[in-house]
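One file, input.csv, is given below (CSV, C-alpha atoms).
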```
chain,number,residue,atom,x,y,z
A,1,MET,CA,0.0,0.0,0.0
A,2,MET,CA,2.1,2.8,-1.3
A,3,PRO,CA,1.1,6.2,-2.6
A,4,GLN,CA,-1.0,5.7,-5.8
A,5,THR,CA,-0.6,7.3,-9.1
A,6,VAL,CA,-4.1,8.4,-10.1
A,7,ARG,CA,-4.8,12.1,-10.8
A,8,SER,CA,-6.5,13.5,-7.8
A,9,ARG,CA,-6.4,16.3,-5.2
A,10,CYS,CA,-5.0,13.6,-2.9
A,11,PRO,CA,-2.7,11.5,-5.1
A,12,LEU,CA,-3.2,7.8,-4.2
A,13,SER,CA,-1.4,4.8,-2.2
A,14,ARG,CA,-12.4,-6.3,9.1
A,15,GLY,CA,-11.6,-4.1,12.1
A,16,ALA,CA,-8.1,-4.7,13.0
A,17,GLU,CA,-8.4,-8.4,12.5
A,18,LYS,CA,-5.1,-10.3,12.3
A,19,LEU,CA,-4.8,-11.8,8.8
A,20,GLY,CA,-1.5,-13.6,9.1
A,21,TYR,CA,1.4,-14.7,11.2
A,22,LYS,CA,4.2,-12.2,11.3
A,23,ARG,CA,7.8,-13.2,11.6
A,24,ARG,CA,11.2,-11.7,11.4
A,25,VAL,CA,13.9,-13.6,9.6
A,26,SER,CA,17.5,-12.5,10.3
A,27,GLU,CA,20.2,-12.7,7.7
A,28,THR,CA,21.6,-15.7,9.5
A,29,GLY,CA,18.2,-17.5,9.4
A,30,GLY,CA,15.7,-18.4,12.1
A,31,ALA,CA,12.0,-17.3,12.4
A,32,SER,CA,10.3,-15.6,15.3
A,33,PRO,CA,7.1,-13.6,15.8
A,34,VAL,CA,7.3,-9.9,15.1
A,35,ALA,CA,5.8,-7.4,17.5
A,36,HIS,CA,5.0,-3.7,16.7
A,37,ASP,CA,8.6,-2.8,16.1
A,38,PRO,CA,9.5,0.9,15.8
A,39,ALA,CA,12.6,-0.1,13.9
A,40,ARG,CA,10.4,-1.5,11.1
A,41,VAL,CA,8.6,1.8,10.9
A,42,ASP,CA,11.9,3.7,10.8
A,43,LEU,CA,13.0,1.7,7.8
A,44,LEU,CA,9.6,2.2,6.0
A,45,ALA,CA,9.6,5.9,6.8
A,46,SER,CA,13.1,6.3,5.4
A,47,ILE,CA,11.8,5.2,2.0
A,48,TRP,CA,8.2,6.6,2.3
A,49,PRO,CA,8.2,9.5,4.8
A,50,ARG,CA,4.4,9.7,4.7
A,51,LEU,CA,4.0,6.2,6.1
A,52,ARG,CA,4.9,7.1,9.7
A,53,PRO,CA,2.0,9.6,10.3
A,54,ALA,CA,-0.4,7.5,8.2
A,55,ILE,CA,0.3,4.4,10.3
A,56,ASP,CA,-0.3,6.3,13.5
A,57,LEU,CA,-3.5,8.0,12.3
A,58,ALA,CA,-5.0,4.8,10.7
A,59,ALA,CA,-4.5,2.4,13.7
A,60,PRO,CA,-7.3,3.9,15.9
A,61,LEU,CA,-9.6,3.9,12.8
A,62,GLY,CA,-9.6,0.1,12.7
A,63,ALA,CA,-6.8,0.0,10.1
A,64,ASP,CA,-3.7,-1.2,12.0
A,65,TRP,CA,-0.8,-1.7,9.6
A,66,PHE,CA,0.7,-4.4,11.9
A,67,ALA,CA,-2.5,-6.3,12.1
A,68,ILE,CA,-3.2,-6.6,8.3
A,69,SER,CA,0.3,-6.9,7.0
A,70,THR,CA,2.5,-10.0,7.5
A,71,ALA,CA,6.1,-8.8,7.6
A,72,PHE,CA,9.2,-10.5,6.3
A,73,GLU,CA,12.5,-8.8,7.1
A,74,ARG,CA,16.3,-9.1,7.1
A,75,SER,CA,18.5,-7.6,9.8
A,76,THR,CA,22.2,-6.6,9.8
A,77,ASP,CA,23.9,-6.1,13.1
A,78,GLY,CA,20.6,-5.7,14.8
A,79,GLU,CA,19.2,-3.2,12.3
A,80,ILE,CA,16.3,-4.0,10.1
A,81,THR,CA,17.6,-3.5,6.6
A,82,ALA,CA,15.0,-5.0,4.3
A,83,HIS,CA,11.3,-5.5,4.4
A,84,ALA,CA,8.4,-7.0,2.4
A,85,GLY,CA,4.8,-7.3,3.5
A,86,VAL,CA,1.9,-9.6,2.5
A,87,LEU,CA,-1.8,-8.6,2.7
A,88,GLU,CA,-4.6,-11.1,2.3
A,89,ILE,CA,-7.2,-9.5,0.0
A,90,PRO,CA,-10.6,-11.2,-0.7
A,91,MET,CA,-11.5,-10.6,-4.4
A,92,VAL,CA,-14.0,-11.6,-7.0
A,93,ILE,CA,-12.3,-12.6,-10.2
A,94,ASP,CA,-14.5,-13.6,-13.2
A,95,GLY,CA,-17.3,-14.2,-10.7
A,96,ASP,CA,-15.4,-16.5,-8.4
A,97,VAL,CA,-14.5,-15.5,-4.9
A,98,ARG,CA,-10.8,-15.9,-4.3
A,99,LEU,CA,-8.2,-15.0,-1.7
A,100,VAL,CA,-5.4,-13.0,-3.3
A,101,ALA,CA,-2.1,-12.1,-1.7
A,102,GLY,CA,-0.9,-8.5,-2.1
A,103,ILE,CA,2.8,-8.0,-1.8
A,104,HIS,CA,3.7,-4.5,-0.7
A,105,ALA,CA,6.2,-2.2,1.0
A,106,VAL,CA,9.3,-3.9,-0.5
A,107,CYS,CA,12.4,-2.0,0.4
A,108,THR,CA,16.0,-2.1,1.5
A,109,ALA,CA,17.9,0.5,3.5
A,110,ALA,CA,20.0,2.7,1.3
A,111,ALA,CA,23.3,1.7,2.8
A,112,HIS,CA,22.6,-2.1,2.4
A,113,ARG,CA,21.4,-2.3,-1.2
A,114,GLY,CA,23.1,-4.6,-3.7
A,115,ARG,CA,23.5,-7.4,-1.2
A,116,GLY,CA,20.5,-9.6,-2.2
A,117,LEU,CA,18.4,-8.5,0.8
A,118,ALA,CA,15.4,-7.5,-1.3
A,119,ARG,CA,15.5,-10.8,-3.2
A,120,ALA,CA,15.5,-12.7,0.1
A,121,VAL,CA,12.4,-10.9,1.6
A,122,ILE,CA,10.5,-11.2,-1.7
A,123,GLU,CA,11.2,-14.9,-1.8
A,124,ASP,CA,10.0,-15.2,1.8
A,125,ALA,CA,6.8,-13.3,1.0
A,126,ILE,CA,6.1,-15.5,-2.1
A,127,GLU,CA,6.7,-18.7,-0.1
A,128,HIS,CA,4.3,-17.5,2.6
A,129,ALA,CA,1.7,-16.4,0.0
A,130,SER,CA,2.0,-19.6,-2.0
A,131,ALA,CA,0.8,-21.7,1.0
A,132,ARG,CA,-2.4,-19.7,1.0
A,133,THR,CA,-3.3,-18.8,-2.6
A,134,GLN,CA,-2.3,-19.2,-6.2
A,135,THR,CA,-2.7,-15.6,-7.1
A,136,MET,CA,-0.5,-12.7,-6.0
A,137,LEU,CA,-0.3,-9.2,-7.1
A,138,LEU,CA,1.6,-6.0,-6.4
A,139,HIS,CA,2.0,-2.5,-7.9
A,140,ALA,CA,5.5,-1.7,-9.1
A,141,ASN,CA,7.4,1.3,-10.4
A,142,ASP,CA,9.9,-1.0,-12.1
A,143,ALA,CA,8.1,-4.0,-13.6
A,144,ALA,CA,11.4,-5.7,-14.6
A,145,ILE,CA,12.4,-6.4,-11.0
A,146,TYR,CA,9.4,-8.6,-10.4
A,147,GLY,CA,9.4,-10.5,-13.7
A,148,ARG,CA,12.2,-12.7,-12.5
A,149,TYR,CA,9.8,-14.0,-9.7
A,150,GLY,CA,7.1,-15.0,-12.1
A,151,PHE,CA,5.0,-11.8,-12.1
A,152,ARG,CA,3.6,-10.4,-15.3
A,153,PRO,CA,2.4,-6.9,-16.1
A,154,ILE,CA,-1.4,-6.4,-16.4
A,155,GLU,CA,-2.7,-3.3,-18.0
A,156,GLN,CA,-5.2,-1.3,-16.0
A,157,PHE,CA,-7.8,1.1,-17.4
A,158,VAL,CA,-9.9,4.1,-16.5
A,159,TRP,CA,-13.4,4.5,-18.1
A,160,TRP,CA,-15.3,7.8,-18.7
A,161,THR,CA,-18.7,8.9,-19.9
A,162,ASP,CA,-20.4,12.3,-20.3
A,163,ILE,CA,-23.3,13.0,-18.0
A,164,PRO,CA,-26.4,15.0,-19.0
A,165,GLN,CA,-27.5,17.6,-16.5
A,166,ARG,CA,-30.3,16.7,-14.2
A,167,PRO,CA,-31.9,18.2,-11.1
A,168,ARG,CA,-29.8,18.1,-7.9
A,169,THR,CA,-31.1,16.3,-4.8
A,170,ALA,CA,-30.0,16.1,-1.2
A,171,PRO,CA,-26.1,16.0,-1.4
A,172,MET,CA,-23.9,13.3,0.0
A,173,ARG,CA,-22.2,14.1,3.4
A,174,LYS,CA,-18.5,14.1,3.7
A,175,LEU,CA,-17.2,11.6,6.2
A,176,SER,CA,-14.8,12.6,9.0
A,177,ALA,CA,-12.0,10.5,10.6
A,178,ALA,CA,-12.7,12.4,13.8
A,179,ARG,CA,-16.3,11.0,14.0
A,180,ALA,CA,-16.6,7.5,15.5
A,181,ASP,CA,-20.0,7.0,13.8
A,182,ASP,CA,-18.4,7.7,10.4
A,183,VAL,CA,-15.6,5.2,11.0
A,184,ALA,CA,-18.1,2.6,12.0
A,185,ALA,CA,-20.2,3.3,8.9
A,186,ILE,CA,-17.2,2.5,6.7
A,187,HIS,CA,-16.6,-0.8,8.4
A,188,ALA,CA,-20.3,-1.7,8.4
A,189,GLY,CA,-20.5,-0.9,4.7
A,190,PHE,CA,-17.9,-3.5,3.9
A,191,VAL,CA,-19.9,-6.3,5.6
A,192,ALA,CA,-21.5,-8.3,2.8
A,193,ARG,CA,-20.7,-5.5,0.3
A,194,LEU,CA,-21.6,-5.9,-3.3
A,195,PRO,CA,-18.3,-6.0,-5.2
A,196,VAL,CA,-17.9,-3.2,-7.8
A,197,ALA,CA,-17.7,-5.8,-10.6
A,198,ASP,CA,-17.8,-9.5,-11.3
A,199,ALA,CA,-14.8,-9.2,-13.6
A,200,LEU,CA,-12.7,-7.9,-10.7
A,201,GLY,CA,-14.1,-6.8,-7.4
A,202,ILE,CA,-13.0,-6.5,-3.8
A,203,GLY,CA,-14.6,-8.1,-0.7
A,204,ASP,CA,-14.4,-7.1,3.0
A,205,THR,CA,-11.2,-5.0,3.0
A,206,ALA,CA,-12.3,-2.0,5.2
A,207,PRO,CA,-8.9,-1.7,7.0
A,208,LEU,CA,-7.0,-1.5,3.6
A,209,PHE,CA,-9.6,1.0,2.3
A,210,VAL,CA,-9.1,3.2,5.4
A,211,LEU,CA,-5.3,2.9,5.4
A,212,ASP,CA,-5.0,3.8,1.7
A,213,GLU,CA,-7.2,6.9,2.2
A,214,VAL,CA,-5.2,8.0,5.3
A,215,LEU,CA,-1.9,7.3,3.5
A,216,ALA,CA,-3.1,9.5,0.6
A,217,CYS,CA,-4.7,12.3,2.5
A,218,LEU,CA,-3.8,11.9,6.2
A,219,GLY,CA,-7.6,11.8,6.9
A,220,PHE,CA,-10.9,11.3,5.1
A,221,GLU,CA,-10.8,13.8,2.2
A,222,ARG,CA,-12.5,11.8,-0.6
A,223,LEU,CA,-15.1,9.7,1.4
A,224,TRP,CA,-18.8,10.6,1.2
A,225,ILE,CA,-21.9,8.8,2.3
A,226,ALA,CA,-25.3,8.8,0.7
A,227,ASP,CA,-27.5,7.5,3.4
A,228,ASP,CA,-30.6,7.2,1.2
A,229,LEU,CA,-28.7,5.2,-1.3
A,230,GLY,CA,-27.0,3.0,1.3
A,231,VAL,CA,-23.5,3.6,-0.1
A,232,ILE,CA,-20.1,5.2,0.7
A,233,VAL,CA,-18.4,6.7,-2.3
A,234,ALA,CA,-14.7,7.4,-2.7
A,235,CYS,CA,-14.5,10.2,-5.2
A,236,ASP,CA,-13.1,13.6,-6.3
A,237,LEU,CA,-14.6,16.4,-8.3
A,238,GLU,CA,-12.2,18.3,-10.4
A,239,GLU,CA,-13.1,20.8,-13.1
A,240,ARG,CA,-16.6,19.2,-13.4
A,241,VAL,CA,-15.1,15.7,-13.8
A,242,LEU,CA,-16.3,13.3,-11.1
A,243,GLN,CA,-13.6,10.7,-10.5
A,244,ILE,CA,-15.1,7.6,-8.7
A,245,TYR,CA,-12.5,5.3,-7.0
A,246,ASP,CA,-14.9,3.0,-5.2
A,247,VAL,CA,-18.5,2.4,-4.2
A,248,VAL,CA,-19.1,0.5,-0.9
A,249,GLY,CA,-22.4,-0.9,0.2
A,250,GLN,CA,-24.8,-3.9,0.0
A,251,ARG,CA,-26.6,-2.5,-3.0
A,252,TRP,CA,-25.7,-0.7,-6.2
A,253,PRO,CA,-26.9,2.9,-6.9
A,254,PRO,CA,-27.9,4.1,-10.4
A,255,LEU,CA,-25.2,6.4,-11.7
A,256,ALA,CA,-27.6,9.2,-12.3
A,257,GLU,CA,-28.8,9.1,-8.7
A,258,LEU,CA,-25.3,9.1,-7.4
A,259,VAL,CA,-24.3,12.1,-9.6
A,260,ALA,CA,-27.4,14.0,-8.5
A,261,ARG,CA,-26.0,13.9,-4.9
A,262,VAL,CA,-22.6,15.4,-5.7
A,263,ARG,CA,-21.9,18.9,-4.5
A,264,GLY,CA,-21.1,20.8,-7.7
A,265,ARG,CA,-21.7,20.4,-11.4
A,266,VAL,CA,-20.7,17.2,-13.1
A,267,ASP,CA,-20.2,17.0,-16.9
A,268,ARG,CA,-18.1,13.8,-17.0
A,269,VAL,CA,-17.6,10.8,-14.8
A,270,GLU,CA,-14.3,8.8,-14.7
A,271,VAL,CA,-14.4,5.4,-13.0
A,272,PHE,CA,-11.3,3.6,-11.7
A,273,PHE,CA,-12.9,0.1,-11.7
A,274,VAL,CA,-14.8,-2.0,-14.3
A,275,PRO,CA,-18.1,-0.1,-14.7
A,276,GLU,CA,-20.1,-3.2,-15.6
A,277,ARG,CA,-22.9,-2.4,-13.0
A,278,TRP,CA,-23.7,0.8,-14.9
A,279,PRO,CA,-24.6,-0.6,-18.3
A,280,GLU,CA,-27.2,2.2,-18.9
A,281,VAL,CA,-24.4,4.5,-20.2
A,282,THR,CA,-21.8,4.2,-22.9
A,283,TRP,CA,-18.2,4.0,-21.5
A,284,THR,CA,-15.0,4.9,-23.2
A,285,ILE,CA,-11.5,4.0,-22.1
A,286,ARG,CA,-9.5,7.1,-21.1
A,287,ASP,CA,-6.2,7.7,-22.8
A,288,GLY,CA,-3.0,7.7,-20.7
A,289,ARG,CA,-1.2,5.1,-18.7
A,290,PRO,CA,-0.5,4.9,-14.9
A,291,LEU,CA,3.0,5.5,-13.6
A,292,ASP,CA,3.1,2.2,-11.7
A,293,VAL,CA,2.3,-1.2,-13.1
A,294,LEU,CA,0.0,-3.9,-11.8
A,295,MET,CA,2.0,-7.2,-11.6
A,296,VAL,CA,0.3,-10.5,-11.2
A,297,ARG,CA,1.5,-14.0,-10.5
A,298,GLY,CA,-0.8,-17.0,-11.0
A,299,PRO,CA,-4.3,-17.2,-12.4
A,300,PHE,CA,-6.1,-14.0,-13.1
A,301,THR,CA,-8.8,-12.5,-15.4
A,302,ASP,CA,-8.3,-11.8,-19.1
A,303,ALA,CA,-10.9,-9.0,-19.0
A,304,LYS,CA,-10.0,-5.3,-19.1
A,305,ILE,CA,-9.8,-4.3,-15.4
A,306,ALA,CA,-8.6,-1.9,-12.8
A,307,VAL,CA,-8.0,-2.6,-9.1
A,308,PRO,CA,-9.9,0.1,-7.2
A,309,PRO,CA,-7.3,2.6,-5.9
A,310,LEU,CA,-8.3,2.2,-2.2
A,311,ALA,CA,-7.8,-1.6,-2.5
A,312,ARG,CA,-4.3,-1.4,-3.9
A,313,CYS,CA,-1.3,-2.7,-1.9
```
Using structure tokens, write down the structure that the file contains.
Amino acid sequence: MMPQTVRSRCPLSRGAEKLGYKRRVSETGGASPVAHDPARVDLLASIWPRLRPAIDLAAPLGADWFAISTAFERSTDGEITAHAGVLEIPMVIDGDVRLVAGIHAVCTAAAHRGRGLARAVIEDAIEHASARTQTMLLHANDAAIYGRYGFRPIEQFVWWTDIPQRPRTAPMRKLSAARADDVAAIHAGFVARLPVADALGIGDTAPLFVLDEVLACLGFERLWIADDLGVIVACDLEERVLQIYDVVGQRWPPLAELVARVRGRVDRVEVFFVPERWPEVTWTIRDGRPLDVLMVRGPFTDAKIAVPPLARC
């Protein structure tokens, strides 16, 4: 779960349920449980400075990094010098429910690069994930690094459509990380949620959703609730373009009804997931390519897809 590369005011990256067994592996071998280790945060923050405040802010919101990410590390002279994490992500792929492993936060301390440490933690992460699922994914800035481990690049798309004007209705309310009821509403929305698409959808991943939003914006800046529609919407409105990153709830709202609840004029909608649940409009694939690349190992879909930004690892 790293900062994401979608165009946005805030550029992108089950309660606090434990999804895996954490371990630290030293350079000389041997496995042991890993507690909440400040040294690990020091390493991660040296690569991604935004992570430190995001981890602290997200934990009391039911999005504890240490609870949802299984860590694999190497240490040198007592210092953590390499890290890779594994997330367990329930997905719908071509209509089938599957558990997918998301490999993330792969890094090596600057002074220790070129010694094979990254390779070691990646191999540990793949071994761990292989015991649980056939499908693994990650988002990479350099796709070539992961090709040697059996990952292949998968193109992602953004879809757009023009929207005719219609009367406004009661606007959606912006959620606040400072309101306990709003945080609870997000977690409740993920229970038995309707995935955004059967080609590629996401299940109950509320902690990852919250963590990605906090990582991007250090709060809830793009999360809105439409109580009458029964959904939470992650979106931005820029220059009359509504960018929809995710829709969370047990039922699916008509697009026109959702747009009618946006504060401000909307001339175009861009969707960062397969828009198959809105067949009433004609969708066009937007030009342009993301800066990072979705990499997949194992069985996946052949459909044109996108992983929703707040479910990326």
Checklist line | Using all atoms listed in the file: which of A:Ala63, A:Leu57, A:Val281, A:Val262 has the shortest distance to Ala178 in chain A | finding: A:Leu57
Identify, on the basis of all atoms listed in the file, every residue whose closest approach to range 100-115 of chain A does not exceed 7 Å; exclude the query and any residue fewer than 5 positions from it along the same chain; express the result as a compact mmCIF listing (two decimals) with C-alpha atoms, keeping the file's coordinate frame.
```txt
# COMPACT_ATOMS: atom_id res chain seq x y z
CA MET A 1 0.00 0.00 0.00
CA MET A 2 2.10 2.80 -1.30
CA LEU A 43 13.00 1.70 7.80
CA THR A 81 17.60 -3.50 6.60
CA ALA A 82 15.00 -5.00 4.30
CA HIS A 83 11.30 -5.50 4.40
CA ALA A 84 8.40 -7.00 2.40
CA GLY A 85 4.80 -7.30 3.50
CA VAL A 86 1.90 -9.60 2.50
CA LEU A 87 -1.80 -8.60 2.70
CA GLU A 88 -4.60 -11.10 2.30
CA ILE A 89 -7.20 -9.50 0.00
CA PRO A 90 -10.60 -11.20 -0.70
CA MET A 91 -11.50 -10.60 -4.40
CA ALA A 129 1.70 -16.40 0.00
CA THR A 133 -3.30 -18.80 -2.60
CA THR A 135 -2.70 -15.60 -7.10
CA MET A 136 -0.50 -12.70 -6.00
CA LEU A 137 -0.30 -9.20 -7.10
CA LEU A 138 1.60 -6.00 -6.40
CA CYS A 313 -1.30 -2.70 -1.90
```
Checklist line | Residue nearest Ala197 in chain A among A:Glu276, A:Asp37, A:Glu155, A:Asp96 (counting all atoms listed in the file) | finding: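 Using all atoms listed in the file, the shortest distance to Ala197 in chain A belongs to A:Glu276.
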Checklist line | Gap from CA of Leu99 in chain A to CA of Glu213 in chain A - Å, one decimal | finding: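 One can read the CA of Leu99 in chain A to CA of Glu213 in chain A distance as 22.3 Å.
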Notebook entry, point to check: Could you state the separation of CA of Val293 in chain A and CA of Pro308 in chain A in Å, given to one decimal place?
Noted result: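 Computed distance, CA of Val293 in chain A to CA of Pro308 in chain A, equals 13.6 Å.
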Notebook entry, point to check: What does the distance from CA of Asp198 in chain A to CA of Asp212 in chain A come to in Å, to one decimal?
Noted result: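 For CA of Asp198 in chain A relative to CA of Asp212 in chain A, the distance reads 22.6 Å.
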Checklist line | Selection near Arg277 in chain A, 12 Å with all atoms listed in the file, sequence-local residues under 5 positions removed, as JSON, numbers by chain | finding: {"A": [194, 195, 196, 197, 198, 199, 200, 201, 247, 251, 252, 253, 254, 255, 271, 282, 283]}
Note to self: Between A:Cys217, A:Ala58, A:Leu258, A:Val248, which residue has the minimum interatomic distance to Val191 in chain A, considering all atoms listed in the file?
What the structure shows: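 Looking at the shortest contact to Val191 in chain A, the residue is A:Val248.
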Notebook entry, point to check: Using all atoms listed in the file, which of A:Pro290, A:Val214, A:Thr161, A:Ala184 sits nearest Ile244 in chain A?
Noted result: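 Closest to Ile244 in chain A, using all atoms listed in the file: A:Thr161.
Between Ala71 in chain A and the residues A:Ile232, A:Ile186, A:Leu310, A:Val41, the shortest atom-to-atom distance, using all atoms listed in the file, involves A:Val41.
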So that I can check the surroundings of Leu61 in chain A, please list as a PDB file with C-alpha atoms, in the coordinates of the input every protein, DNA and RNA residue that reaches within 8 Å of it, counting all atoms listed in the file and ignoring chain neighbours fewer than 5 positions away.
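Below is the file selection_21.pdb, written as the result:
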```
ATOM      1  CA  ALA A 177     -12.000  10.500  10.600  1.00  0.00           C
ATOM      2  CA  VAL A 183     -15.600   5.200  11.000  1.00  0.00           C
ATOM      3  CA  VAL A 210      -9.100   3.200   5.400  1.00  0.00           C
TER       4      VAL A 210
END
```
Note to self: Neighbouring residues of Glu239 in chain A were defined as those with any atom within 12 Å, considering all atoms listed in the file; residues of the same chain fewer than 3 positions away were excluded. Please report them as number ranges by chain.
What the structure shows: A: 8-9, 236, 242-243, 264-269
Margin query: Let me make sure I understand: among A:Ala226, A:Phe72, A:Arg263, A:Pro299, which one has the smallest atom-to-atom distance to Val241 in chain A if we use only C-alpha atoms?
Written below: A:Arg263
Item checked: Distance query Ala311 in chain A at most 8 Å, all atoms listed in the file, self and fewer than 3 positions along chain excluded, as a list in words -> Ile202, Thr205, Leu208, Phe209, Asp212, Val307 and Pro308 of chain A
For range 202-228 of chain A, write N, CA and C atoms out as a PDB file, in the first residue's frame.
```pdb
ATOM      1  N   ILE A 202     -13.704  -6.361  -5.070  1.00  0.00           N
ATOM      2  CA  ILE A 202     -13.027  -6.503  -3.786  1.00  0.00           C
ATOM      3  C   ILE A 202     -14.064  -6.825  -2.721  1.00  0.00           C
ATOM      4  N   GLY A 203     -13.685  -7.698  -1.780  1.00  0.00           N
ATOM      5  CA  GLY A 203     -14.573  -8.072  -0.698  1.00  0.00           C
ATOM      6  C   GLY A 203     -14.400  -7.185   0.518  1.00  0.00           C
ATOM      7  N   ASP A 204     -14.417  -7.803   1.698  1.00  0.00           N
ATOM      8  CA  ASP A 204     -14.357  -7.079   2.958  1.00  0.00           C
ATOM      9  C   ASP A 204     -12.913  -6.673   3.255  1.00  0.00           C
ATOM     10  N   THR A 205     -12.566  -5.469   2.816  1.00  0.00           N
ATOM     11  CA  THR A 205     -11.203  -4.956   3.007  1.00  0.00           C
ATOM     12  C   THR A 205     -11.240  -3.569   3.627  1.00  0.00           C
ATOM     13  N   ALA A 206     -12.116  -3.363   4.596  1.00  0.00           N
ATOM     14  CA  ALA A 206     -12.253  -2.035   5.200  1.00  0.00           C
ATOM     15  C   ALA A 206     -10.933  -1.484   5.736  1.00  0.00           C
ATOM     16  N   PRO A 207     -10.107  -2.270   6.459  1.00  0.00           N
ATOM     17  CA  PRO A 207      -8.854  -1.694   6.951  1.00  0.00           C
ATOM     18  C   PRO A 207      -7.933  -1.203   5.833  1.00  0.00           C
ATOM     19  N   LEU A 208      -7.838  -1.954   4.738  1.00  0.00           N
ATOM     20  CA  LEU A 208      -6.997  -1.527   3.622  1.00  0.00           C
ATOM     21  C   LEU A 208      -7.559  -0.262   2.993  1.00  0.00           C
ATOM     22  N   PHE A 209      -8.863  -0.188   2.842  1.00  0.00           N
ATOM     23  CA  PHE A 209      -9.552   0.987   2.302  1.00  0.00           C
ATOM     24  C   PHE A 209      -9.230   2.223   3.150  1.00  0.00           C
ATOM     25  N   VAL A 210      -9.372   2.093   4.465  1.00  0.00           N
ATOM     26  CA  VAL A 210      -9.103   3.215   5.366  1.00  0.00           C
ATOM     27  C   VAL A 210      -7.622   3.581   5.329  1.00  0.00           C
ATOM     28  N   LEU A 211      -6.749   2.589   5.373  1.00  0.00           N
ATOM     29  CA  LEU A 211      -5.321   2.857   5.388  1.00  0.00           C
ATOM     30  C   LEU A 211      -4.878   3.555   4.116  1.00  0.00           C
ATOM     31  N   ASP A 212      -5.389   3.124   2.961  1.00  0.00           N
ATOM     32  CA  ASP A 212      -5.014   3.778   1.706  1.00  0.00           C
ATOM     33  C   ASP A 212      -5.502   5.226   1.670  1.00  0.00           C
ATOM     34  N   GLU A 213      -6.703   5.476   2.196  1.00  0.00           N
ATOM     35  CA  GLU A 213      -7.203   6.855   2.217  1.00  0.00           C
ATOM     36  C   GLU A 213      -6.382   7.729   3.154  1.00  0.00           C
ATOM     37  N   VAL A 214      -6.038   7.214   4.318  1.00  0.00           N
ATOM     38  CA  VAL A 214      -5.236   7.985   5.259  1.00  0.00           C
ATOM     39  C   VAL A 214      -3.823   8.189   4.718  1.00  0.00           C
ATOM     40  N   LEU A 215      -3.273   7.177   4.073  1.00  0.00           N
ATOM     41  CA  LEU A 215      -1.949   7.316   3.482  1.00  0.00           C
ATOM     42  C   LEU A 215      -1.938   8.410   2.418  1.00  0.00           C
ATOM     43  N   ALA A 216      -3.011   8.485   1.645  1.00  0.00           N
ATOM     44  CA  ALA A 216      -3.076   9.480   0.583  1.00  0.00           C
ATOM     45  C   ALA A 216      -3.326  10.882   1.116  1.00  0.00           C
ATOM     46  N   CYS A 217      -4.203  10.994   2.106  1.00  0.00           N
ATOM     47  CA  CYS A 217      -4.706  12.314   2.488  1.00  0.00           C
ATOM     48  C   CYS A 217      -4.532  12.655   3.958  1.00  0.00           C
ATOM     49  N   LEU A 218      -3.986  11.722   4.764  1.00  0.00           N
ATOM     50  CA  LEU A 218      -3.846  11.923   6.205  1.00  0.00           C
ATOM     51  C   LEU A 218      -5.184  12.292   6.840  1.00  0.00           C
ATOM     52  N   GLY A 219      -6.218  11.632   6.390  1.00  0.00           N
ATOM     53  CA  GLY A 219      -7.573  11.846   6.880  1.00  0.00           C
ATOM     54  C   GLY A 219      -8.560  11.336   5.851  1.00  0.00           C
ATOM     55  N   PHE A 220      -9.838  11.663   6.030  1.00  0.00           N
ATOM     56  CA  PHE A 220     -10.867  11.296   5.057  1.00  0.00           C
ATOM     57  C   PHE A 220     -11.168  12.528   4.211  1.00  0.00           C
ATOM     58  N   GLU A 221     -10.570  12.614   3.039  1.00  0.00           N
ATOM     59  CA  GLU A 221     -10.787  13.759   2.155  1.00  0.00           C
ATOM     60  C   GLU A 221     -11.668  13.419   0.967  1.00  0.00           C
ATOM     61  N   ARG A 222     -11.785  12.133   0.624  1.00  0.00           N
ATOM     62  CA  ARG A 222     -12.523  11.757  -0.592  1.00  0.00           C
ATOM     63  C   ARG A 222     -13.666  10.804  -0.300  1.00  0.00           C
ATOM     64  N   LEU A 223     -14.044  10.668   0.969  1.00  0.00           N
ATOM     65  CA  LEU A 223     -15.059   9.691   1.352  1.00  0.00           C
ATOM     66  C   LEU A 223     -16.369  10.393   1.684  1.00  0.00           C
ATOM     67  N   TRP A 224     -17.426   9.958   1.019  1.00  0.00           N
ATOM     68  CA  TRP A 224     -18.751  10.562   1.163  1.00  0.00           C
ATOM     69  C   TRP A 224     -19.779   9.462   1.397  1.00  0.00           C
ATOM     70  N   ILE A 225     -20.856   9.809   2.092  1.00  0.00           N
ATOM     71  CA  ILE A 225     -21.913   8.839   2.342  1.00  0.00           C
ATOM     72  C   ILE A 225     -23.234   9.372   1.811  1.00  0.00           C
ATOM     73  N   ALA A 226     -23.948   8.519   1.098  1.00  0.00           N
ATOM     74  CA  ALA A 226     -25.311   8.810   0.652  1.00  0.00           C
ATOM     75  C   ALA A 226     -26.226   7.882   1.438  1.00  0.00           C
ATOM     76  N   ASP A 227     -26.755   8.374   2.539  1.00  0.00           N
ATOM     77  CA  ASP A 227     -27.539   7.517   3.432  1.00  0.00           C
ATOM     78  C   ASP A 227     -28.754   6.939   2.732  1.00  0.00           C
ATOM     79  N   ASP A 228     -29.413   7.729   1.888  1.00  0.00           N
ATOM     80  CA  ASP A 228     -30.634   7.242   1.246  1.00  0.00           C
ATOM     81  C   ASP A 228     -30.347   6.179   0.189  1.00  0.00           C
TER      82      ASP A 228
END
```
